[in-house]
>>> print(open('model-v9.txt').read())   # compact mmCIF, C-alpha atoms and all ligand atoms
# COMPACT_ATOMS: atom_id res chain seq x y z
CA MET C 1 124.12 91.39 125.53
CA GLN C 2 120.57 91.23 126.97
CA PRO C 3 118.14 89.19 124.80
CA THR C 4 115.44 91.47 123.37
CA LEU C 5 113.24 88.56 122.20
CA VAL C 6 112.04 86.14 124.87
CA SER C 7 109.66 83.28 123.93
CA HIS C 8 107.13 81.93 126.44
CA ALA C 9 104.59 79.12 125.98
CA ASP C 10 101.73 81.56 125.38
CA SER C 11 103.46 84.74 124.16
CA VAL C 12 106.67 86.44 123.10
CA VAL C 13 108.19 89.46 124.81
CA ILE C 14 110.11 91.94 122.67
CA ASN C 15 111.83 94.89 124.30
CA ASN C 16 109.66 94.26 127.38
CA GLU C 17 106.37 94.38 125.44
CA ARG C 18 104.18 91.26 125.30
CA PHE C 19 102.74 89.92 122.04
CA ARG C 20 100.19 87.08 121.85
CA PRO C 21 99.85 84.49 119.05
CA TYR C 22 97.61 85.74 116.24
CA LEU C 23 98.16 83.86 112.94
CA THR C 24 99.96 80.52 112.90
CA ARG C 25 102.40 79.43 110.22
CA ASP C 26 99.86 76.85 108.94
CA VAL C 27 97.10 79.42 108.58
CA ILE C 28 99.51 81.78 106.81
CA ALA C 29 100.78 79.04 104.45
CA ALA C 30 97.24 78.05 103.47
CA ARG C 31 96.32 81.66 102.65
CA VAL C 32 99.55 82.25 100.72
CA ALA C 33 98.70 79.19 98.58
CA GLU C 34 95.24 80.65 97.86
CA ILE C 35 96.71 84.01 96.83
CA ALA C 36 99.24 82.26 94.58
CA ALA C 37 96.42 80.31 92.91
CA ASP C 38 94.58 83.60 92.25
CA ILE C 39 97.70 85.15 90.72
CA ASP C 40 98.37 82.02 88.62
CA ARG C 41 94.87 82.35 87.22
CA ASP C 42 94.92 86.16 86.72
CA LEU C 43 98.34 86.25 85.04
CA GLU C 44 98.34 82.95 83.18
CA GLY C 45 100.75 83.11 80.23
CA GLU C 46 102.49 86.26 81.59
CA VAL C 47 105.83 86.65 83.39
CA PRO C 48 105.19 89.19 86.16
CA ILE C 49 107.85 90.88 88.26
CA LEU C 50 107.21 90.56 91.98
CA VAL C 51 108.38 93.80 93.59
CA GLY C 52 108.97 93.29 97.30
CA VAL C 53 109.02 96.18 99.74
CA LEU C 54 111.98 95.74 102.09
CA ASN C 55 112.50 94.73 104.73
CA GLY C 56 109.20 93.35 105.99
CA ALA C 57 107.90 91.67 102.81
CA PHE C 58 110.85 89.39 102.14
CA ILE C 59 109.44 86.27 103.81
CA PHE C 60 105.92 86.64 102.40
CA LEU C 61 107.43 87.30 98.96
CA ALA C 62 109.67 84.22 99.16
CA ASP C 63 106.76 81.97 100.14
CA LEU C 64 104.42 83.53 97.56
CA MET C 65 106.99 83.14 94.78
CA ARG C 66 107.54 79.45 95.57
CA ALA C 67 103.78 78.86 95.60
CA LEU C 68 103.34 80.33 92.09
CA THR C 69 103.39 77.99 89.10
CA ILE C 70 103.62 80.74 86.45
CA GLU C 71 107.09 82.00 85.59
CA CYS C 72 108.02 85.18 87.46
CA GLU C 73 110.92 87.48 88.32
CA VAL C 74 111.75 89.42 91.46
CA ASP C 75 113.10 92.80 92.48
CA PHE C 76 113.04 94.86 95.67
CA LEU C 77 112.75 98.44 96.77
CA LYS C 78 112.95 100.00 100.17
CA LEU C 79 111.03 102.78 101.87
CA SER C 80 111.66 104.73 105.04
CA SER C 81 110.48 102.66 107.99
CA TYR C 82 108.81 103.17 111.36
CA GLY C 83 112.27 102.99 112.94
CA ALA C 84 111.78 101.98 116.57
CA ALA C 85 108.20 103.34 116.71
CA LYS C 86 104.91 101.45 116.55
CA ILE C 87 102.99 104.26 114.83
CA SER C 88 103.41 105.50 111.26
CA SER C 89 105.15 108.86 110.91
CA GLY C 90 102.82 109.63 108.00
CA ARG C 91 105.77 110.41 105.73
CA VAL C 92 107.13 108.07 103.05
CA HIS C 93 110.32 108.29 101.06
CA GLU C 94 112.34 105.86 99.00
CA LEU C 95 115.64 104.53 100.37
CA LYS C 96 116.38 102.01 97.59
CA SER C 97 114.88 102.11 94.11
CA LEU C 98 114.15 99.31 91.65
CA ASP C 99 116.89 97.82 89.47
CA ALA C 100 114.56 96.03 87.04
CA GLU C 101 113.33 97.59 83.80
CA VAL C 102 109.57 97.49 84.29
CA THR C 103 108.31 99.23 81.16
CA GLY C 104 105.68 97.02 79.54
CA ARG C 105 105.88 94.46 82.35
CA HIS C 106 103.20 93.19 84.72
CA ILE C 107 104.14 94.19 88.27
CA ILE C 108 102.90 92.69 91.51
CA LEU C 109 103.77 94.98 94.39
CA VAL C 110 104.28 92.77 97.45
CA GLU C 111 103.84 94.32 100.92
CA ASP C 112 103.84 92.73 104.36
CA ILE C 113 101.14 95.02 105.75
CA VAL C 114 99.00 97.98 104.76
CA ASP C 115 98.38 100.32 107.68
CA THR C 116 97.63 103.95 106.78
CA GLY C 117 98.01 102.95 103.13
CA LEU C 118 100.43 105.81 102.42
CA SER C 119 103.30 103.48 101.42
CA MET C 120 101.12 101.51 99.01
CA GLN C 121 99.61 104.67 97.54
CA PHE C 122 103.09 106.16 97.07
CA LEU C 123 104.38 103.00 95.37
CA GLN C 124 101.36 102.46 93.13
CA LYS C 125 101.78 106.01 91.82
CA LYS C 126 105.55 105.70 91.42
CA LEU C 127 105.44 102.34 89.61
CA GLY C 128 102.44 103.44 87.53
CA GLU C 129 104.57 106.29 86.15
CA MET C 130 107.14 103.77 84.83
CA ASN C 131 104.75 102.62 82.07
CA PRO C 132 104.29 99.02 83.17
CA ALA C 133 101.67 96.80 81.49
CA SER C 134 99.88 96.64 84.86
CA VAL C 135 100.43 97.14 88.58
CA ARG C 136 98.70 94.75 90.98
CA THR C 137 99.11 94.78 94.75
CA ALA C 138 99.48 91.90 97.17
CA THR C 139 99.62 92.44 100.92
CA LEU C 140 99.65 89.72 103.52
CA LEU C 141 97.93 91.89 106.14
CA HIS C 142 95.59 94.87 106.02
CA LYS C 143 94.66 97.01 109.03
CA VAL C 144 91.38 98.07 107.46
CA ASP C 145 90.39 100.50 110.22
CA ALA C 146 93.70 102.36 109.92
CA THR C 147 93.43 102.98 106.16
CA ARG C 148 91.66 106.29 105.65
CA ILE C 149 92.62 106.85 102.00
CA PRO C 150 91.02 105.19 98.97
CA LEU C 151 93.25 102.30 97.92
CA ASP C 152 92.90 99.46 95.40
CA LEU C 153 94.29 96.22 96.85
CA ASP C 154 94.14 93.18 94.57
CA TYR C 155 95.27 90.38 96.88
CA VAL C 156 94.85 90.63 100.67
CA GLY C 157 95.85 87.78 102.95
CA PHE C 158 94.11 88.81 106.17
CA GLU C 159 92.18 91.86 107.34
CA ILE C 160 93.41 92.39 110.90
CA ASP C 161 92.78 94.43 114.02
CA ASN C 162 94.38 97.85 114.29
CA LEU C 163 97.16 96.70 116.62
CA PHE C 164 100.90 96.32 116.11
CA VAL C 165 102.00 92.88 114.83
CA VAL C 166 105.38 91.12 114.58
CA GLY C 167 106.75 87.94 113.03
CA TYR C 168 106.90 86.40 109.54
CA GLY C 169 109.17 89.24 108.38
CA LEU C 170 107.57 92.00 110.47
CA ASP C 171 109.74 93.56 113.18
CA TYR C 172 109.58 95.66 116.27
CA ALA C 173 112.74 97.81 116.17
CA GLN C 174 114.39 95.11 113.97
CA VAL C 175 113.52 92.31 116.42
CA GLY C 176 111.05 89.48 115.75
CA ARG C 177 111.27 89.11 111.96
CA GLN C 178 112.43 85.50 112.31
CA LEU C 179 109.31 84.33 114.14
CA ALA C 180 107.46 81.81 111.94
CA ASP C 181 104.03 82.80 113.32
CA ILE C 182 102.52 86.28 113.55
CA TYR C 183 101.98 87.82 117.01
CA ILE C 184 99.91 90.86 118.00
CA LEU C 185 100.51 93.40 120.77
CA ASP C 186 98.71 92.28 123.91
CA ASP C 187 97.14 95.56 125.02
P1 LIG C 201 101.59 102.42 105.92
O1 LIG C 201 102.32 103.28 104.94
O2 LIG C 201 100.47 101.62 105.27
O3 LIG C 201 101.08 103.22 107.10
O4 LIG C 201 102.61 101.42 106.58
C1 LIG C 201 103.18 100.41 105.88
C2 LIG C 201 104.45 99.92 106.55
O5 LIG C 201 104.46 100.21 107.96
C3 LIG C 201 104.56 98.44 106.45
O6 LIG C 201 105.22 98.04 105.27
C4 LIG C 201 105.36 98.08 107.68
O7 LIG C 201 106.73 98.23 107.42
C5 LIG C 201 104.96 99.12 108.69
N1 LIG C 201 103.90 98.64 109.59
C6 LIG C 201 102.61 99.02 109.63
N2 LIG C 201 101.93 98.39 110.59
C7 LIG C 201 102.82 97.55 111.18
C8 LIG C 201 102.71 96.59 112.24
O8 LIG C 201 101.66 96.35 112.87
N3 LIG C 201 103.85 95.92 112.55
C9 LIG C 201 105.03 96.13 111.91
N4 LIG C 201 106.06 95.39 112.31
N5 LIG C 201 105.18 97.02 110.91
C10 LIG C 201 104.07 97.71 110.54
>>> encode(input="model-v9.txt", output="structure tokens")
Amino acid sequence: MQPTLVSHADSVVINNERFRPYLTRDVIAARVAEIAADIDRDLEGEVPILVGVLNGAFIFLADLMRALTIECEVDFLKLSSYGAAKISSGRVHELKSLDAEVTGRHIILVEDIVDTGLSMQFLQKKLGEMNPASVRTATLLHKVDATRIPLDLDYVGFEIDNLFVVGYGLDYAQVGRQLADIYILDD
């Protein structure tokens, strides 16, 4: 089988498209620690449920959870994805729903990236209807220029350029999630 992910000294090539280094693992880890400290402070004495959006958020969620000192629980849901495309289809639907009982609980919705904002808007509304004590949002990345809808984001790791990124859980057609650093499309 042909390798679809090829690492070079200064870039990675996925499915013949070149991505350049953007955020290193050290920079990411430092920011995740800062977000965890904010959540520790904001939810002191509470036991929030971290709700990860599969698949992309699983690495950020795992690092964020281990950086928290307050007690917390975890659950996951899954939305329709980009598939093999690099542009949002503009449509969102749920592929896997929550298992946890969230009534009366503090929820932190954990996303890898907010692009158009449609997924986050959809999930905030959906979880809000389940009568939780609160719904907060944490996203590692935010493509600010791509978000045209009003959206409340509580914890944002990095505001980034409006270009496709891979690594640290984020894929290009399922490839590249395992990269420890984040790379951006070299246009
Ligand atoms: P939105 O609904 O905000 O347009 O898109 C959110 C989802 O699209 C993210 O959870 C992620 O799965 C995917 N996505 C958006 N931008 C990127 C990107 O630059 N790279 C990757 N790998 N996925 C992205």
>>> residues_around(input="model-v9.txt", residues="Lys96 in chain C", least_positions_apart="6", cutoff="10 Å", atoms="all atoms listed in the file", output="list in words")
Val53, Leu54, Phe76, Leu77, Lys78, Leu79 and Ser80 of chain C
>>> atom_distance(input="model-v9.txt", atom1="CA of Gln121 in chain C", atom2="CA of Asp187 in chain C")
29.1 Å
>>> closest_atom_pairs(input="model-v9.txt", of="chain C", to="ligand LIG 201 (chain C)", cutoff="9 Å", atoms="all atoms listed in the file", output="Markdown table")
| residue | atom | partner | partner_atom | distance |
| --- | --- | --- | --- | --- |
| C:Val53 | CA | C:LIG201 | O6 | 7.0 |
| C:Leu54 | CA | C:LIG201 | O6 | 7.8 |
| C:Asn55 | CA | C:LIG201 | O7 | 7.3 |
| C:Gly56 | CA | C:LIG201 | O7 | 5.7 |
| C:Ala57 | CA | C:LIG201 | O6 | 7.3 |
| C:Leu79 | CA | C:LIG201 | O6 | 8.2 |
| C:Ser80 | CA | C:LIG201 | O7 | 8.5 |
| C:Ser81 | CA | C:LIG201 | O7 | 5.8 |
| C:Tyr82 | CA | C:LIG201 | C5 | 6.2 |
| C:Lys86 | CA | C:LIG201 | C8 | 6.9 |
| C:Ile87 | CA | C:LIG201 | N2 | 7.3 |
| C:Ser88 | CA | C:LIG201 | O3 | 5.3 |
| C:Ser89 | CA | C:LIG201 | O3 | 7.9 |
| C:Gly90 | CA | C:LIG201 | O3 | 6.7 |
| C:Arg91 | CA | C:LIG201 | O1 | 8.0 |
| C:Val92 | CA | C:LIG201 | O1 | 7.0 |
| C:Glu111 | CA | C:LIG201 | O6 | 5.9 |
| C:Asp112 | CA | C:LIG201 | O6 | 5.6 |
| C:Ile113 | CA | C:LIG201 | C3 | 4.9 |
| C:Val114 | CA | C:LIG201 | O2 | 4.0 |
| C:Asp115 | CA | C:LIG201 | O2 | 3.4 |
| C:Thr116 | CA | C:LIG201 | O3 | 3.5 |
| C:Gly117 | CA | C:LIG201 | O2 | 3.5 |
| C:Leu118 | CA | C:LIG201 | O1 | 4.0 |
| C:Ser119 | CA | C:LIG201 | O1 | 3.7 |
| C:Met120 | CA | C:LIG201 | O2 | 6.3 |
| C:Gln121 | CA | C:LIG201 | O1 | 8.0 |
| C:Phe122 | CA | C:LIG201 | O1 | 8.4 |
| C:Leu141 | CA | C:LIG201 | N2 | 8.8 |
| C:His142 | CA | C:LIG201 | O2 | 8.4 |
| C:Lys143 | CA | C:LIG201 | N2 | 7.6 |
| C:Ala146 | CA | C:LIG201 | O3 | 7.9 |
| C:Thr147 | CA | C:LIG201 | O2 | 7.2 |
| C:Asn162 | CA | C:LIG201 | O8 | 7.6 |
| C:Leu163 | CA | C:LIG201 | O8 | 5.9 |
| C:Phe164 | CA | C:LIG201 | O8 | 3.3 |
| C:Val165 | CA | C:LIG201 | O8 | 4.0 |
| C:Val166 | CA | C:LIG201 | N4 | 4.9 |
| C:Gly167 | CA | C:LIG201 | N4 | 7.5 |
| C:Gly169 | CA | C:LIG201 | N4 | 7.9 |
| C:Leu170 | CA | C:LIG201 | N4 | 4.1 |
| C:Asp171 | CA | C:LIG201 | N4 | 4.2 |
| C:Tyr172 | CA | C:LIG201 | N4 | 5.3 |
| C:Ala173 | CA | C:LIG201 | N4 | 8.1 |
| C:Gln174 | CA | C:LIG201 | N4 | 8.5 |
| C:Gly176 | CA | C:LIG201 | N4 | 8.5 |
| C:Arg177 | CA | C:LIG201 | N4 | 8.2 |
| C:Ile184 | CA | C:LIG201 | O8 | 7.7 |
| C:Leu185 | CA | C:LIG201 | O8 | 8.5 |
>>> closest_atom_pairs(input="model-v9.txt", of="range 7-60 of chain C", to="range 123-139 of chain C", cutoff="12 Å", atoms="only C-alpha atoms", output="Markdown table")
| residue | atom | partner | partner_atom | distance |
| --- | --- | --- | --- | --- |
| C:Arg31 | CA | C:Thr139 | CA | 11.4 |
| C:Val32 | CA | C:Thr139 | CA | 10.2 |
| C:Ile35 | CA | C:Ala138 | CA | 8.4 |
| C:Ala36 | CA | C:Ala138 | CA | 10.0 |
| C:Asp38 | CA | C:Ala138 | CA | 10.8 |
| C:Ile39 | CA | C:Ala138 | CA | 9.5 |
| C:Asp42 | CA | C:Arg136 | CA | 10.3 |
| C:Leu43 | CA | C:Arg136 | CA | 10.4 |
| C:Glu46 | CA | C:Ala133 | CA | 10.6 |
| C:Val47 | CA | C:Ala133 | CA | 11.1 |
| C:Pro48 | CA | C:Ser134 | CA | 9.2 |
| C:Ile49 | CA | C:Val135 | CA | 9.7 |
| C:Leu50 | CA | C:Ala138 | CA | 9.4 |
| C:Val51 | CA | C:Thr137 | CA | 9.4 |
| C:Gly52 | CA | C:Ala138 | CA | 9.6 |
| C:Val53 | CA | C:Leu123 | CA | 9.3 |
| C:Gly56 | CA | C:Thr139 | CA | 10.9 |
| C:Ala57 | CA | C:Thr139 | CA | 8.5 |
| C:Phe58 | CA | C:Thr139 | CA | 11.7 |
| C:Ile59 | CA | C:Thr139 | CA | 12.0 |
| C:Phe60 | CA | C:Thr139 | CA | 8.7 |
>>> atom_distance(input="model-v9.txt", atom1="CA of Leu64 in chain C", atom2="CA of Phe19 in chain C")
25.4 Å
>>> atom_distance(input="model-v9.txt", atom1="CA of Thr24 in chain C", atom2="CA of Leu153 in chain C")
23.2 Å
